[in-house]
Structures are given as C-alpha cells and as structure tokens.
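K.L.:
Submitted below is the structure of interest, expressed as structure tokens.
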Amino acid sequence: MRSKRFEALDARPVNQDGYVTEWSEVGLIAMNGPNDPKPSIRVEGGKVVELDGKQRADFDMIDSFIADYAIRLDNAEAVCKMDSLELARKLVDINVPRSEVVKLTTSMTPAKITEVVGKMTVLEMMMAVAKMRARLTPANQCHVTNLKDNPVQIAADAAEASLRGFAEEETTVGIGRYAPFNAMAIMVGAQVGRPGILTQCAVEEATELNLGMRGFTAYAETVSVYGTEAVFMDGDDTPWSKAFLASCYASRGLKMRFTSGTGSEVQMGYAEGKSMLYLEARCIYITKGAGSQGIQNGSVSCVGVPAAVPGGIRAILAENLIAMALDLECASSNDQTFTHSDLRRVARSLMQFVPGTDFICSGYSATPNYDNMFAGSNWDADDYDDWLIIQRDLKIDGGLVPVLEVDVVAARNKAARALQAVFKNLGLTEITDAEVEAATYARGSQDMPARNVVEDLKSAEDMMKRGTTGVDIAKALIKGGFEDVADAVFGMLKQRVAGDYLHTSAILTRNFEVISAVNQPNDYRGPMTGYQISDEKWAILQDIRQAISPESI
C-alpha cells in the first residue's frame, strides 16, 4: 500500500515539472561548477595577455572580445586579487555606494564576478539588486501577440497594456510576412493607451532592422549572444557581428539591448562542461563590450533548464545581478512559463519583483497564454488582478496600476478604430466594424472573427514596397480624425532624432520626457533612500476595484 499523503503530493502541479540531478560534465549545473575557471588577469602594455587561466594565444573569440572591449583595465589586476567574499559584502552593504561598487565590478573578469555572486544567498542578492539597478524607478514590459497575427486585436491589447502601466511592449509573429502589420498595430495601440510607450517587433534581424529604420518600432532586444564559441558559430554569428548590429540600431536612434540567459549553451549541447552562470557571465561581458545599453536576461526562453537543477532559480537572480553590476540596463525575464505550479512561478518572480529591476518582466503576457507566441509567459492577462493585489499587499511598485473596466473598453475601442483608419487611409486590407467591436471586448483570439490572411500578406508586402514609414502612419491617423494619436506617433519619431532614450535604462513619460540611469540614477543606500513610492502613487496602487470603502456600506 502507498501512503495517501504521498499519493496526494504526487498529484500536485509541482510534480508535473521536470527535475534532474547535477551533471557538471555536460553543463547541467547552475553555478560554482567544478570546471569553471579560476579568476585571473594579467595586463601588459595595456593589453590583456591572461584571462581566467588562459594565455592570450589560447583565447577563443569570446575571450578575445571580452579582453579587448569589456573589462576596465586600470584596476583589473588589483580587483582580481581582492577577496571575493569582501567584494560580495560590498555589493550588499548599504554604506558602500553603487558608484563605488561599479568601479570594482566593471574591473572584474567573468570568473571573478561569478565567484563573487556565488558567495551570496538569494536574500543578499535581492539586497544588492535594490542598490545596483541602474535606473531609480522600476518598470515593466509585456508581450502583445496572438495566434492569428490579428492586427486589430494587437492594437486593442496594446492600448490596454499601456493603460495598465507597461513602459515597453513587444510583439512577434506566427507568419513572418505579418511583421509590418503587427509592428504598426502595436505602435498605434500603445500610443492610444498612453503616449511615450516604447514598442518593438521581434522577428529575424534584417526585417526587424528594416522596421526600425522605417519608424515602425522604437527598440530591439532579440539580439542574442552566447557563452561558448560553438553555440555562437552555430548561429553564424560572432561577438563582432552582434556589435555591428547593435551599432546599426543605435545609429538610427533605436534603443537596443541584447538577450541571453543561463541554460542556452547546455540546451544546444555546447556547454564545455562549465556552469550555466559562468557562461552567462561571458554573455553579459560581450554585451558590455559591444556597447549595448542593456540586456534581457534571466534565462528567458531556456528557463526550464536551470529550473530543473539545484539552485537554478538562484542562478537566474545571480545573472540579473551581474548585468546590473556591469552597469547595464536589466530586463529581468520573468517571461516564459516553466512550471505547472502557481506557487513556484510566483516564488521565481519575487526575487526581481521585491527589489525592483529596470523591467521586472521582459515579457508579461498582455494576452491569455494561449495567445502568447513567445511560448507562454510566467504571467499573463488572467493574472492582472493577482499582480496588482500583491503590489498592494507588499507596498511595492511592480510597474502596473489598477484600471476600471469602462476605461479599458474605451481604450481598446479607440485603438481598434485608429488602426481601422490607418488601414483605410494607407489603402490596406479592410478592418470591419465587426472586428473593431470584437476587439473592444475580446479576451483573446478565440473571440475574434477570422481575417483573410492571404490578402493581408499581399497588402503588407505592397505597403513595404511603397516605402511606407512612421510619418505616413501619423498622416493616416490625422486623416482619420485621430490627431492625438498621430501626435504621439510623431512624438516617438522625434525621439529617434533626439536619441536621448539611447541612454542606459531609458523609458519615456507620457510627455516624452526621458527617464534613464543618467538623469534618474539609482541612489539606494538603505531605508528611506532610493526609489520611494510617493503618496500619490501609493493612493493609485491601493485603489483596486475589488476594495470596499466604508462610505459605500
């Protein structure tokens, strides 16, 4: 006979997840791997001739790139000799300012910084994140996608997401040729919800760059980097090619950050026996050396791999901390779903939610997960109320604000009508009144009428051949009677020319004022310092629709 308690436990959602024991030889180890190199650096004539136990003649291309571009050399040898425990304590110590710590961390080698964070518990890492986040104010980012690539639904979902407080919104496609419509829809919809929202369309890099240069998008983040040479070459890339791509985006006024995450190398079979965190540290150093303003990391789409090994979720927090310690913007993942357990998915997110990161999620799904084309998110539209109430419970600004149903319905309807006007005035496929009505009240694509995909794809291709730009979209909005939305779209285009939002951790207010690590740096030094929720903001966060006021009884 079996214990009935164990039978009940076996039936719990958490036991539908997969778990493995450590296997360091193939990289199935989260951090502090036995094959990770020992920290070392030697600089001669201003050039690194030894890095983490390797002589320059033995460097692979990643070692070479990091040695030449990613480490502050004036103090590197001295920092490498410092006690790693002492350095870990400086990261946590509220009496040591962030500016002082950054001078040390940016002088470390990948092996050194991995060793330092390996001395810390998750609680200590969270304390360090509160201090090391680049921008003072935390924020959030979302995914806006659907199974049918329906642009009307994307516009409506984007408007609702903006109203709910997301500072950045990202879409992608099921069919690559739909990208122009999706990019246009998320941009228009987002500006309806709140002017100044940054949007992107994640597709293959040539198309994504083309959309950005036309003014259809404002930022990019799906520029992936890897921690071993074999994985990089498998994608026909090098650190130099990624650096060149980063400069292409930035030179045209597009904000951009790289993407990486623990587990990608072991998932692709080329971990070289190193721990996931050490290889991820190399990715972050590539990002730093390439001049990217930040990184989307936290395992992201590989989260199932570190989540299966002991300490894997700890390693995810550690990689976020390393990004911040290298003075980069950190969009700390919390996006792809990885568990059947609601308890476990919340526990995974609290370590970024509580101290706050530049973007707590780099992909909170603004749709139900069945519509999420990024393989589902750890949080989706059905979780909005949970997120808001956790913020209220803990008095934490997690980037979202309570909304009223009447306001959401109005924003969704306006976004759908605005896109309808754009399509009409640009001579694109028709958006019917029935589609506008459906998008206004839809939960997801199951509530939307089907579009003629063949005609949509022909129309999108024709639009691109005509050389349509963001200015044309603004003109179409004015012609359709949506002058305020046109002003917001044009405001985004002007930001591209100014380039101020290319600063680290930049977001925009509704008045197109830039908030970044330059003009709003994180100055946390313990209680009552750093980001403090204002009385006005706290009143907003408290005011959830479910709360009963004494006056109403």
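In the structure tokens, chains take the letters A, B, ... in the order shown, each chain's residues start at 1, and ligands count up from 1 in the order shown.
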Just want the 12 Å neighbourhood of A:Gln336, counted on only C-alpha atoms, with same-chain residues fewer than 6 positions away dropped. Output as a ChimeraX atom specification.

P.N.:
/A:142-143,261,297-304,307,345,348-349,361-365,369,372-380

K.L.:
Mind writing the picked residues with N, CA, C and O atoms as a CSV table (one decimal), in the first residue's frame?

P.N.:
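Saved the output as result12.csv:
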chain,number,residue,atom,x,y,z
A,142,CYS,N,5.8,44.1,-21.5
A,142,CYS,CA,4.8,43.0,-21.8
A,142,CYS,C,5.0,42.5,-23.3
A,142,CYS,O,5.5,43.1,-24.1
A,143,HIS,N,4.4,41.3,-23.5
A,143,HIS,CA,4.2,40.7,-24.8
A,143,HIS,C,2.8,41.0,-25.3
A,143,HIS,O,1.8,40.8,-24.5
A,261,GLY,N,20.9,34.2,-21.5
A,261,GLY,CA,20.3,33.6,-20.3
A,261,GLY,C,20.9,32.2,-20.0
A,261,GLY,O,21.3,31.5,-20.9
A,297,ASN,N,17.9,39.4,-19.7
A,297,ASN,CA,18.4,38.1,-19.2
A,297,ASN,C,17.7,37.6,-18.0
A,297,ASN,O,16.9,38.3,-17.4
A,298,GLY,N,17.9,36.4,-17.6
A,298,GLY,CA,17.2,35.7,-16.6
A,298,GLY,C,16.7,34.4,-17.1
A,298,GLY,O,15.6,33.9,-16.8
A,299,SER,N,17.5,33.8,-17.9
A,299,SER,CA,17.3,32.5,-18.6
A,299,SER,C,16.3,32.6,-19.7
A,299,SER,O,16.5,32.0,-20.8
A,300,VAL,N,15.3,33.5,-19.6
A,300,VAL,CA,14.4,33.8,-20.7
A,300,VAL,C,13.8,32.5,-21.3
A,300,VAL,O,13.2,31.7,-20.6
A,301,SER,N,14.1,32.2,-22.6
A,301,SER,CA,13.4,31.0,-23.2
A,301,SER,C,14.0,29.7,-22.8
A,301,SER,O,13.5,28.6,-23.2
A,302,CYS,N,15.1,29.7,-22.1
A,302,CYS,CA,15.8,28.4,-21.7
A,302,CYS,C,15.5,28.1,-20.2
A,302,CYS,O,16.1,27.3,-19.6
A,303,VAL,N,14.5,28.8,-19.6
A,303,VAL,CA,14.3,28.7,-18.1
A,303,VAL,C,14.0,27.3,-17.6
A,303,VAL,O,14.4,27.0,-16.5
A,304,GLY,N,13.5,26.4,-18.4
A,304,GLY,CA,13.3,25.1,-18.0
A,304,GLY,C,14.5,24.3,-17.6
A,304,GLY,O,14.5,23.4,-16.8
A,307,ALA,N,15.9,25.7,-14.2
A,307,ALA,CA,14.8,25.4,-13.2
A,307,ALA,C,14.8,24.0,-12.8
A,307,ALA,O,14.2,23.6,-11.8
A,345,ARG,N,5.9,29.5,-9.7
A,345,ARG,CA,6.1,30.6,-10.6
A,345,ARG,C,6.1,32.0,-9.9
A,345,ARG,O,6.8,32.9,-10.3
A,348,ARG,N,9.5,32.3,-8.2
A,348,ARG,CA,10.6,32.6,-9.1
A,348,ARG,C,10.6,34.1,-9.4
A,348,ARG,O,11.7,34.7,-9.6
A,349,SER,N,9.5,34.8,-9.4
A,349,SER,CA,9.4,36.2,-9.7
A,349,SER,C,9.6,37.2,-8.6
A,349,SER,O,10.0,38.3,-8.8
A,361,CYS,N,9.5,42.2,-15.6
A,361,CYS,CA,9.3,41.2,-16.6
A,361,CYS,C,9.8,41.7,-17.9
A,361,CYS,O,9.6,42.9,-18.2
A,362,SER,N,10.4,40.9,-18.7
A,362,SER,CA,10.7,41.3,-20.1
A,362,SER,C,9.8,40.6,-21.0
A,362,SER,O,10.1,40.2,-22.1
A,363,GLY,N,8.5,40.4,-20.5
A,363,GLY,CA,7.5,39.7,-21.3
A,363,GLY,C,6.4,39.2,-20.5
A,363,GLY,O,6.0,38.0,-20.5
A,364,TYR,N,5.7,40.1,-19.7
A,364,TYR,CA,4.5,39.7,-19.0
A,364,TYR,C,3.5,39.6,-20.2
A,364,TYR,O,3.3,40.6,-21.0
A,365,SER,N,2.7,38.5,-20.3
A,365,SER,CA,1.8,38.4,-21.4
A,365,SER,C,0.6,39.2,-21.3
A,365,SER,O,-0.2,39.0,-20.3
A,369,ASN,N,-2.4,33.2,-22.1
A,369,ASN,CA,-1.2,32.5,-22.5
A,369,ASN,C,-1.5,31.7,-23.8
A,369,ASN,O,-0.5,31.4,-24.5
A,372,ASN,N,0.0,33.6,-26.5
A,372,ASN,CA,1.3,34.1,-26.4
A,372,ASN,C,2.3,33.4,-27.3
A,372,ASN,O,2.5,32.2,-27.2
A,373,MET,N,2.8,34.1,-28.3
A,373,MET,CA,3.6,33.5,-29.4
A,373,MET,C,5.1,33.4,-29.0
A,373,MET,O,5.9,32.9,-29.7
A,374,PHE,N,5.4,33.8,-27.7
A,374,PHE,CA,6.7,33.6,-27.2
A,374,PHE,C,6.8,32.4,-26.3
A,374,PHE,O,7.5,32.3,-25.3
A,375,ALA,N,5.9,31.4,-26.6
A,375,ALA,CA,5.9,30.1,-25.8
A,375,ALA,C,5.3,30.2,-24.5
A,375,ALA,O,5.5,29.4,-23.6
A,376,GLY,N,4.4,31.2,-24.3
A,376,GLY,CA,3.7,31.4,-23.0
A,376,GLY,C,4.6,32.1,-22.0
A,376,GLY,O,5.8,32.0,-22.0
A,377,SER,N,4.0,32.9,-21.1
A,377,SER,CA,4.7,33.7,-20.1
A,377,SER,C,4.4,33.2,-18.7
A,377,SER,O,3.4,32.5,-18.4
A,378,ASN,N,5.3,33.5,-17.8
A,378,ASN,CA,5.1,33.2,-16.4
A,378,ASN,C,3.9,33.9,-15.8
A,378,ASN,O,3.4,33.5,-14.8
A,379,TRP,N,3.6,35.1,-16.4
A,379,TRP,CA,2.4,35.9,-16.0
A,379,TRP,C,1.6,36.2,-17.3
A,379,TRP,O,2.2,36.5,-18.3
A,380,ASP,N,0.3,36.2,-17.2
A,380,ASP,CA,-0.5,36.6,-18.4
A,380,ASP,C,-1.7,37.5,-17.9
A,380,ASP,O,-1.8,37.9,-16.8

K.L.:
Determine, counting only C-alpha atoms, which protein, DNA and RNA residues have an atom within 12 Å of an atom of A:Leu209; residues of the same chain fewer than 6 positions away are not included. Present the result as a PDB file with C-alpha atoms, in the first residue's frame.

P.N.:
ATOM      1  CA  ALA A 179       5.559  41.613 -39.195  1.00  0.00           C
ATOM      2  CA  PRO A 180       4.825  45.068 -40.722  1.00  0.00           C
ATOM      3  CA  ALA A 183       4.618  46.342 -35.695  1.00  0.00           C
ATOM      4  CA  GLN A 200       9.173  46.510 -30.855  1.00  0.00           C
ATOM      5  CA  CYS A 201       8.503  43.583 -33.186  1.00  0.00           C
ATOM      6  CA  ALA A 202      10.752  40.579 -32.596  1.00  0.00           C
ATOM      7  CA  VAL A 203      11.477  38.884 -35.927  1.00  0.00           C
ATOM      8  CA  GLY A 215       9.923  54.157 -37.713  1.00  0.00           C
ATOM      9  CA  PHE A 216       7.557  51.233 -37.106  1.00  0.00           C
ATOM     10  CA  THR A 217       9.392  50.287 -33.894  1.00  0.00           C
ATOM     11  CA  ALA A 218      11.300  52.101 -31.148  1.00  0.00           C
ATOM     12  CA  TYR A 219      13.604  49.454 -29.715  1.00  0.00           C
ATOM     13  CA  ALA A 220      15.009  45.954 -30.187  1.00  0.00           C
ATOM     14  CA  GLU A 221      16.130  43.294 -27.740  1.00  0.00           C
ATOM     15  CA  THR A 222      16.219  39.949 -29.555  1.00  0.00           C
ATOM     16  CA  VAL A 223      19.911  40.236 -30.443  1.00  0.00           C
ATOM     17  CA  LEU A 245      24.202  45.036 -35.485  1.00  0.00           C
ATOM     18  CA  ALA A 246      23.925  46.964 -32.221  1.00  0.00           C
ATOM     19  CA  SER A 247      25.577  49.962 -33.853  1.00  0.00           C
ATOM     20  CA  CYS A 248      23.159  49.736 -36.793  1.00  0.00           C
ATOM     21  CA  TYR A 249      20.189  50.073 -34.447  1.00  0.00           C
ATOM     22  CA  ALA A 250      21.741  52.799 -32.296  1.00  0.00           C
ATOM     23  CA  SER A 251      22.915  54.845 -35.276  1.00  0.00           C
ATOM     24  CA  ARG A 252      19.294  55.137 -36.407  1.00  0.00           C
ATOM     25  CA  GLY A 253      18.033  56.189 -32.994  1.00  0.00           C
ATOM     26  CA  LEU A 254      16.707  52.793 -31.948  1.00  0.00           C
ATOM     27  CA  LYS A 255      17.118  51.751 -28.342  1.00  0.00           C
ATOM     28  CA  MET A 256      18.509  48.232 -28.200  1.00  0.00           C
TER      29      MET A 256
END

K.L.:
At a cut-off of 12 Å, using only C-alpha atoms, what residues contact A:Val225? Leave out same-chain residues fewer than 4 positions from it and give the result as a PyMOL selection string.

P.N.:
chain A and resi 62+221+229-243+245-246+257-262+264-265+279-290+292+295-297

K.L.:
Please provide as a PDB file with C-alpha atoms, in the first residue's frame all residues within 8 Å of stretch 476-489 of chain A, with the sequence filter that same-chain residues fewer than 2 positions apart are discarded (counting only C-alpha atoms).

P.N.:
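Okay, this is what ended up in result_15.pdb:
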ATOM      1  CA  MET A 187       2.778  51.067 -32.058  1.00  0.00           C
ATOM      2  CA  VAL A 188      -0.601  52.676 -32.782  1.00  0.00           C
ATOM      3  CA  GLN A 191       0.198  55.290 -28.112  1.00  0.00           C
ATOM      4  CA  VAL A 192      -3.596  55.261 -27.654  1.00  0.00           C
ATOM      5  CA  PRO A 195       1.824  58.319 -25.279  1.00  0.00           C
ATOM      6  CA  GLY A 196       5.518  57.518 -24.937  1.00  0.00           C
ATOM      7  CA  ALA A 418      -7.472  54.203 -35.011  1.00  0.00           C
ATOM      8  CA  ALA A 421      -8.425  54.457 -40.051  1.00  0.00           C
ATOM      9  CA  VAL A 422      -4.736  53.810 -40.736  1.00  0.00           C
ATOM     10  CA  ASN A 425      -6.068  55.725 -45.433  1.00  0.00           C
ATOM     11  CA  LEU A 426      -2.980  53.709 -46.427  1.00  0.00           C
ATOM     12  CA  GLY A 470       6.080  56.095 -39.450  1.00  0.00           C
ATOM     13  CA  ASP A 472       2.859  58.038 -43.259  1.00  0.00           C
ATOM     14  CA  ILE A 473       1.172  56.313 -40.316  1.00  0.00           C
ATOM     15  CA  ALA A 474       0.917  59.639 -38.486  1.00  0.00           C
ATOM     16  CA  GLY A 491       6.498  62.265 -30.870  1.00  0.00           C
ATOM     17  CA  MET A 492       8.089  58.829 -30.913  1.00  0.00           C
ATOM     18  CA  LEU A 493       9.665  59.578 -34.289  1.00  0.00           C
TER      19      LEU A 493
END

K.L.:
Could you name the residues that touch A:Ser505 at 8 Å or less, counting only C-alpha atoms, but leaving out those on the same chain fewer than 5 positions away, as number ranges by chain?

P.N.:
A: 134-135, 293-294, 328-330, 358, 515-517

K.L.:
Based on the selection just made, write all heavy atoms of those residues as an mmCIF file, in the first residue's frame.

P.N.:
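Everything below was put into again-v7.cif:
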data_model
loop_
_atom_site.group_PDB
_atom_site.id
_atom_site.type_symbol
_atom_site.label_atom_id
_atom_site.label_comp_id
_atom_site.auth_asym_id
_atom_site.auth_seq_id
_atom_site.Cartn_x
_atom_site.Cartn_y
_atom_site.Cartn_z
ATOM 1 N N ALA A 134 20.175 50.102 -12.365
ATOM 2 C CA ALA A 134 20.726 51.336 -12.928
ATOM 3 C C ALA A 134 19.785 52.520 -12.771
ATOM 4 O O ALA A 134 20.191 53.595 -12.318
ATOM 5 C CB ALA A 134 21.072 51.122 -14.402
ATOM 6 N N ARG A 135 18.534 52.342 -13.149
ATOM 7 C CA ARG A 135 17.564 53.437 -13.077
ATOM 8 C C ARG A 135 16.865 53.425 -11.723
ATOM 9 O O ARG A 135 16.590 52.368 -11.167
ATOM 10 C CB ARG A 135 16.528 53.295 -14.197
ATOM 11 C CG ARG A 135 15.555 54.473 -14.321
ATOM 12 C CD ARG A 135 14.518 54.248 -15.429
ATOM 13 N NE ARG A 135 13.693 53.090 -15.172
ATOM 14 C CZ ARG A 135 13.597 52.025 -15.979
ATOM 15 N NH1 ARG A 135 14.296 51.969 -17.098
ATOM 16 N NH2 ARG A 135 12.825 51.015 -15.661
ATOM 17 N N GLN A 293 23.192 49.090 -24.510
ATOM 18 C CA GLN A 293 22.815 49.775 -23.272
ATOM 19 C C GLN A 293 22.262 48.823 -22.227
ATOM 20 O O GLN A 293 22.082 49.204 -21.068
ATOM 21 C CB GLN A 293 21.814 50.887 -23.554
ATOM 22 C CG GLN A 293 20.435 50.441 -24.010
ATOM 23 C CD GLN A 293 19.661 51.601 -24.613
ATOM 24 O OE1 GLN A 293 19.845 51.957 -25.763
ATOM 25 N NE2 GLN A 293 18.792 52.213 -23.827
ATOM 26 N N GLY A 294 22.004 47.595 -22.621
ATOM 27 C CA GLY A 294 21.485 46.665 -21.622
ATOM 28 C C GLY A 294 21.276 45.282 -22.162
ATOM 29 O O GLY A 294 21.702 44.945 -23.270
ATOM 30 N N LEU A 328 24.626 47.822 -16.651
ATOM 31 C CA LEU A 328 23.755 47.664 -17.804
ATOM 32 C C LEU A 328 22.293 47.733 -17.378
ATOM 33 O O LEU A 328 21.944 47.389 -16.251
ATOM 34 C CB LEU A 328 24.002 46.315 -18.480
ATOM 35 C CG LEU A 328 25.377 46.080 -19.089
ATOM 36 C CD1 LEU A 328 25.541 44.614 -19.470
ATOM 37 C CD2 LEU A 328 25.571 46.965 -20.317
ATOM 38 N N GLU A 329 21.450 48.174 -18.298
ATOM 39 C CA GLU A 329 20.012 48.022 -18.111
ATOM 40 C C GLU A 329 19.684 46.536 -18.035
ATOM 41 O O GLU A 329 20.216 45.744 -18.811
ATOM 42 C CB GLU A 329 19.279 48.643 -19.299
ATOM 43 C CG GLU A 329 17.783 48.368 -19.338
ATOM 44 C CD GLU A 329 17.138 48.917 -20.594
ATOM 45 O OE1 GLU A 329 16.725 50.082 -20.590
ATOM 46 O OE2 GLU A 329 17.055 48.177 -21.600
ATOM 47 N N CYS A 330 18.811 46.152 -17.114
ATOM 48 C CA CYS A 330 18.449 44.744 -16.967
ATOM 49 C C CYS A 330 16.941 44.555 -17.099
ATOM 50 O O CYS A 330 16.177 45.024 -16.255
ATOM 51 C CB CYS A 330 18.924 44.199 -15.624
ATOM 52 S SG CYS A 330 18.461 42.466 -15.351
ATOM 53 N N ASP A 358 14.998 47.139 -13.723
ATOM 54 C CA ASP A 358 14.630 48.102 -14.764
ATOM 55 C C ASP A 358 13.332 47.685 -15.450
ATOM 56 O O ASP A 358 12.479 48.511 -15.747
ATOM 57 C CB ASP A 358 15.757 48.228 -15.793
ATOM 58 C CG ASP A 358 16.985 48.914 -15.218
ATOM 59 O OD1 ASP A 358 16.823 49.952 -14.563
ATOM 60 O OD2 ASP A 358 18.103 48.405 -15.410
ATOM 61 N N ILE A 515 13.411 59.233 -18.867
ATOM 62 C CA ILE A 515 13.863 58.829 -17.528
ATOM 63 C C ILE A 515 14.888 57.734 -17.739
ATOM 64 O O ILE A 515 14.584 56.700 -18.352
ATOM 65 C CB ILE A 515 12.701 58.304 -16.674
ATOM 66 C CG1 ILE A 515 11.654 59.398 -16.443
ATOM 67 C CG2 ILE A 515 13.211 57.776 -15.338
ATOM 68 C CD1 ILE A 515 10.409 58.894 -15.729
ATOM 69 N N SER A 516 16.102 57.920 -17.259
ATOM 70 C CA SER A 516 17.159 56.945 -17.505
ATOM 71 C C SER A 516 18.113 56.905 -16.324
ATOM 72 O O SER A 516 17.963 57.643 -15.340
ATOM 73 C CB SER A 516 17.921 57.293 -18.785
ATOM 74 O OG SER A 516 18.778 58.403 -18.558
ATOM 75 N N ALA A 517 19.125 56.056 -16.455
ATOM 76 C CA ALA A 517 20.154 55.977 -15.422
ATOM 77 C C ALA A 517 21.024 57.227 -15.389
ATOM 78 O O ALA A 517 21.762 57.445 -14.426
ATOM 79 C CB ALA A 517 21.035 54.748 -15.657
#

K.L.:
Determine which residues of stretch 160-363 of chain A DSSP labels as strand (DSSP E or B) from the backbone of this structure, then write them out as a ChimeraX atom specification.

P.N.:
/A:168-172,198-202,219-224,255-259,294-296,329-331,336,359,362-363

K.L.:
When you draw a straight line from atom CA of A:Pro306 to atom CA of A:Met276, how long is it in Å?

P.N.:
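According to the coordinates, atom CA of A:Pro306 and atom CA of A:Met276 are separated by 7.7 Å.
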
K.L.:
Nearest to A:Thr469: which of A:Phe338, A:Tyr69, A:Phe353, A:Phe490 is it, counting only C-alpha atoms?

P.N.:
A:Phe490

K.L.:
Which one is closest to A:Lys414: A:Ala156, A:Met464, A:Ala438, A:Met213? Count only C-alpha atoms.

P.N.:
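Among the listed residues, A:Ala156 lies closest to A:Lys414.
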